[in-house]
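A quick write-up on the structure given underneath.
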Amino acid sequence: MVLPLPNTPRAAFILIILISTVSSQVDWDFCGTWQHGRGSLNLNINLTTGCNHMLISANENSLSISGQITAQCMRSEVLPLDQYGLHSGEESDFCLYWEPLLDQMKLQIGGMNLTLCWPTGLPDSCCTGLTDGPKSPTALYGIANTTIKDDPTAIETRTFYNFTGDLTSCKTLCPSVSQASTQDNMNCAPSSEVEMKEDFKGQIITSPIMKGVPPESATAVYLPPSLKQAAKNHSKVVCTFFKNNSLFQDGHEKGRILNDVVGITVKNEVIKDLPEQIRITFHHDVIPKMHSRKCVSWDTRKDPIKVHWLGDGCETLQKGANHTECLCDHMTYFAVLVQLEDKPVRHLLALTTITSLGCAVSVISCIVLIIFLCRKRKSKEQSLPIHLGLAASLTFLNLLFFFTGILANVGGEGVCVWVGAALHYALLSSFFWMGIEVFHTFWLVHVVFYPSPKPYVWNLVGFVLPAVPVIVLAAVGDIYGLREVVPSDDVSNPYRMCWMKNNSKAWLAHYFTTMTILPILVITGMVMLFLVYREIRTRDEWRQNRVAFLSIWGLSCLYGTTWGLTFLDIRPLSEYIIFLFCILNSFQGFFLMLRFYMLDWMRKQSGSSSLGSTSTGSTRQHMLQEKS
């Protein structure tokens, strides 16, 4: 948006000088290096309303920010900085930002952004023109290399800095909205207050129209009648319209918050679970189709000084490339988040269809296989309990995966915490049973003079041991929940499933559990296949093509080596590999059932009437039949 300027260069120059002068009087920042010890570090906050002074001090263990400088913000607490990732060292760089027109204060330290005072609407009075007072004595611990608005002030280490301000009417510093452009109005957040009377029937509030902006592009908020019943102690609703505030860009690593943010509050009340949703209409720049967008709200309860954007409680309606409507059942700050880093998945509909079909077929196949194996329990076959354990774990895994999309859409985040944990357990249990199959084959082939471990040992390893990491991760929290997979052909309609969340903690848990066990399973399975080949290649049955194929293919399904396709994400072949991965692993239960039935049929054809020999020596000689 271009601001129409007077025709004469002199007038334009004067206007630029005036704008920059007002900006320099309002925005303020103080930066320095905190020289501290190696022990635990704390942040002391003690802020009250008024316009007297602001004291920034530091010692060996604490950085303190106190004084009377804010219009509405009052805060007094001590925060341990190690919980925000600041580890002990000898020094930490920091910057303190103060925007009086928003009554907003933010501390940036050690790469973290901590909000000390939340932004509000335009206050009546502002504490501006902060000036440094008398210098404090130098010390070993304190603040060094200080700057005020990028201007160097001191190199030596001092214990404190004391600033005094001037009380000014905020309206004189903020241009009239109707006369200001977007750039002028960047630090001014106009507010609208609505009185909900007894006959309140809902109301629409629109953001002020700035100069040069068409009226239809204004942000609009619809307050439903149910809000009157939800607000028990107060009847005034305040809507604040923010624009281009850098604070709101924090809290989401893989997306960008669009320029407009709306804050909807009722004083000292938490409004949630409204029967009729609040409707917020945003108009923005055109968003390319390869980027998805969704409505998010600021969760101020999770952490009082860090920004957390969540999609819970809001529905997203895309009215066009530059028009988004948010339907939310609670009150806080709202915005539109554009996903930047997540790559949309090609052919997602086809992949989910194949996977769902494969899971359904595998569930039925595994149940049939369990019945088939149970009928063979009269035999003394050592492998039978292991085959049953693998079939049971695959049944549970495929059943959960088949319903995960339905449960995610019906139950949301609350249900997905439990379903995601159960799905992770089922996957780990299946991997453990596949590993047991590999180990047991090795035992039968090479450890022929010792009996195989008892079935209860396999049950402990296959069913109990996988639950340990899942319970630990569930206790840690913020790992299992709702996951969205964005399709490339329709980024506005992501596939929702219950699994691990898309955050750094969940990814770390995924790599330390699933992606640690999987390569071990695949490598040992391939080694075992080689040993099997070397052991039986001279047998007469091996020379028959169908026997050779069924043996290797069946053991591949048994050992889980098909899951190794995960590591073959080679760019030219990635699409073919992911289709092959989905087909082979979703139909794994069917292939296992087919293997057991085919080998049983082949034994009957050759005159064998039992599942296999019970002698250890015969097991080694006829290993394939024994493993069936």
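How things are named: the first chain in the structure tokens is A, the next is B, and so on; residues count from 1 in each chain; ligands count from 1 in the order shown.
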
Item checked: Test item: residues at most 9 Å from Val522 in chain A, only C-alpha atoms, excluding those fewer than 3 positions along its chain, as a VMD selection string -> chain A and resid 435 517 to 519 525 to 527 559 to 564

Note to self: Which residues are close to Phe242 in chain A, i.e. within 10 Å by only C-alpha atoms, leaving aside same-chain residues fewer than 5 positions away? Reply as a PyMOL selection string.
What the structure shows: chain A and resi 102+119-121+185-191+207+248+259-263+333+335

Item checked: Nearby residues (only C-alpha atoms) at most 12 Å from Met434 in chain A, same-chain spacing under 3 positions excluded, as a ChimeraX atom specification -> /A:386-394,427-431,437-441,458,461-462,517-518,520-522,524-525,528,555-563,588,592

Note to self: For the structure I just gave you, how does DSSP split range 89-203 of chain A - specifically, which residues are alpha helix (DSSP H)? Reply as a ChimeraX atom specification.
What the structure shows: /A:170-173

How would the residues just chosen look if you wrote them out with C-alpha atoms as a PDB file, in the first residue's frame?
ATOM      1  CA  CYS A 170      -1.141   7.966  23.659  1.00  0.00           C
ATOM      2  CA  LYS A 171      -3.663   9.471  21.258  1.00  0.00           C
ATOM      3  CA  THR A 172      -1.277  12.306  20.437  1.00  0.00           C
ATOM      4  CA  LEU A 173       1.344   9.748  19.374  1.00  0.00           C
TER       5      LEU A 173
END

Note to self: If we count only C-alpha atoms and set the cut-off at 9 Å, which residues sit around Ile287 in chain A, ignoring sequence neighbours fewer than 5 positions away in its own chain? Please answer as a PyMOL selection string.
What the structure shows: chain A and resi 292-293+321-322+338

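If you count only C-alpha atoms and ignore residues fewer than 6 places along the chain from His323 in chain A, what sits within 12 Å of it is A:Glu216, A:Ser217, A:Ala218, A:Thr219, A:Ala220, A:Leu258, A:Ile280, A:Thr281, A:Phe282, A:His283, A:His284, A:Asp285, A:Val286, A:Ile287, A:Arg293, A:Lys294, A:Cys295, A:Thr316, A:Leu317, A:Val336.
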
Could those selected residues go to a file with N, CA and C atoms, as a compact mmCIF listing (two decimals), in the first residue's frame?
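Once written, selection-v9.txt looks like this:
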# COMPACT_ATOMS: atom_id res chain seq x y z
N GLU A 216 -14.31 -3.16 2.28
CA GLU A 216 -14.63 -4.58 2.33
C GLU A 216 -13.46 -5.44 2.81
N SER A 217 -12.27 -4.86 2.94
CA SER A 217 -11.12 -5.63 3.40
C SER A 217 -10.94 -5.56 4.92
N ALA A 218 -11.84 -4.93 5.62
CA ALA A 218 -11.74 -4.80 7.07
C ALA A 218 -11.98 -6.15 7.74
N THR A 219 -11.30 -6.37 8.86
CA THR A 219 -11.52 -7.57 9.66
C THR A 219 -12.81 -7.42 10.45
N ALA A 220 -13.65 -8.46 10.43
CA ALA A 220 -14.96 -8.40 11.09
C ALA A 220 -15.09 -9.50 12.12
N LEU A 258 -0.31 -14.32 9.66
CA LEU A 258 -0.61 -13.19 8.80
C LEU A 258 -0.72 -11.90 9.61
N ILE A 280 -14.96 -14.87 12.91
CA ILE A 280 -13.97 -13.83 12.62
C ILE A 280 -13.61 -13.92 11.14
N THR A 281 -13.74 -12.82 10.43
CA THR A 281 -13.49 -12.78 9.00
C THR A 281 -12.22 -12.00 8.73
N PHE A 282 -11.23 -12.68 8.12
CA PHE A 282 -9.95 -12.05 7.78
C PHE A 282 -9.84 -11.87 6.27
N HIS A 283 -9.35 -10.72 5.86
CA HIS A 283 -8.99 -10.46 4.46
C HIS A 283 -7.48 -10.25 4.42
N HIS A 284 -6.83 -10.92 3.50
CA HIS A 284 -5.37 -10.91 3.49
C HIS A 284 -4.87 -11.00 2.05
N ASP A 285 -3.55 -11.00 1.90
CA ASP A 285 -2.95 -11.19 0.58
C ASP A 285 -3.25 -12.59 0.06
N VAL A 286 -3.16 -12.74 -1.24
CA VAL A 286 -3.42 -14.04 -1.86
C VAL A 286 -2.39 -15.06 -1.38
N ILE A 287 -2.86 -16.22 -0.94
CA ILE A 287 -1.99 -17.29 -0.44
C ILE A 287 -1.85 -18.34 -1.53
N ARG A 293 -3.41 -23.20 5.13
CA ARG A 293 -3.69 -22.18 6.15
C ARG A 293 -4.76 -22.71 7.09
N LYS A 294 -4.69 -22.24 8.30
CA LYS A 294 -5.69 -22.64 9.28
C LYS A 294 -5.82 -21.56 10.34
N CYS A 295 -6.96 -21.53 10.97
CA CYS A 295 -7.21 -20.58 12.05
C CYS A 295 -6.58 -21.12 13.34
N THR A 316 -11.76 -23.73 10.23
CA THR A 316 -11.27 -22.86 9.17
C THR A 316 -12.15 -23.00 7.94
N LEU A 317 -12.68 -21.89 7.48
CA LEU A 317 -13.46 -21.85 6.24
C LEU A 317 -12.73 -20.95 5.25
N VAL A 336 -4.62 -16.14 11.43
CA VAL A 336 -4.54 -17.16 10.38
C VAL A 336 -3.08 -17.55 10.24

Can you build me a table of range 115-195 of chain A residues sitting at most 9 Å from range 72-91 of chain A, with the closest atom pair per residue and its distance in Å to one decimal, using only C-alpha atoms, sorted by chain and residue number, as CSV?
residue,atom,partner,partner_atom,distance
A:Leu116,CA,A:Arg75,CA,7.8
A:Cys117,CA,A:Cys73,CA,5.9
A:Trp118,CA,A:Cys73,CA,7.6
A:Thr120,CA,A:Gln72,CA,8.5
A:Pro123,CA,A:Gln72,CA,8.0

Check: Nearest to Leu473 in chain A: which of A:His424, A:Ser136, A:Pro455, A:Trp443 is it, counting only C-alpha atoms?
Finding: A:His424
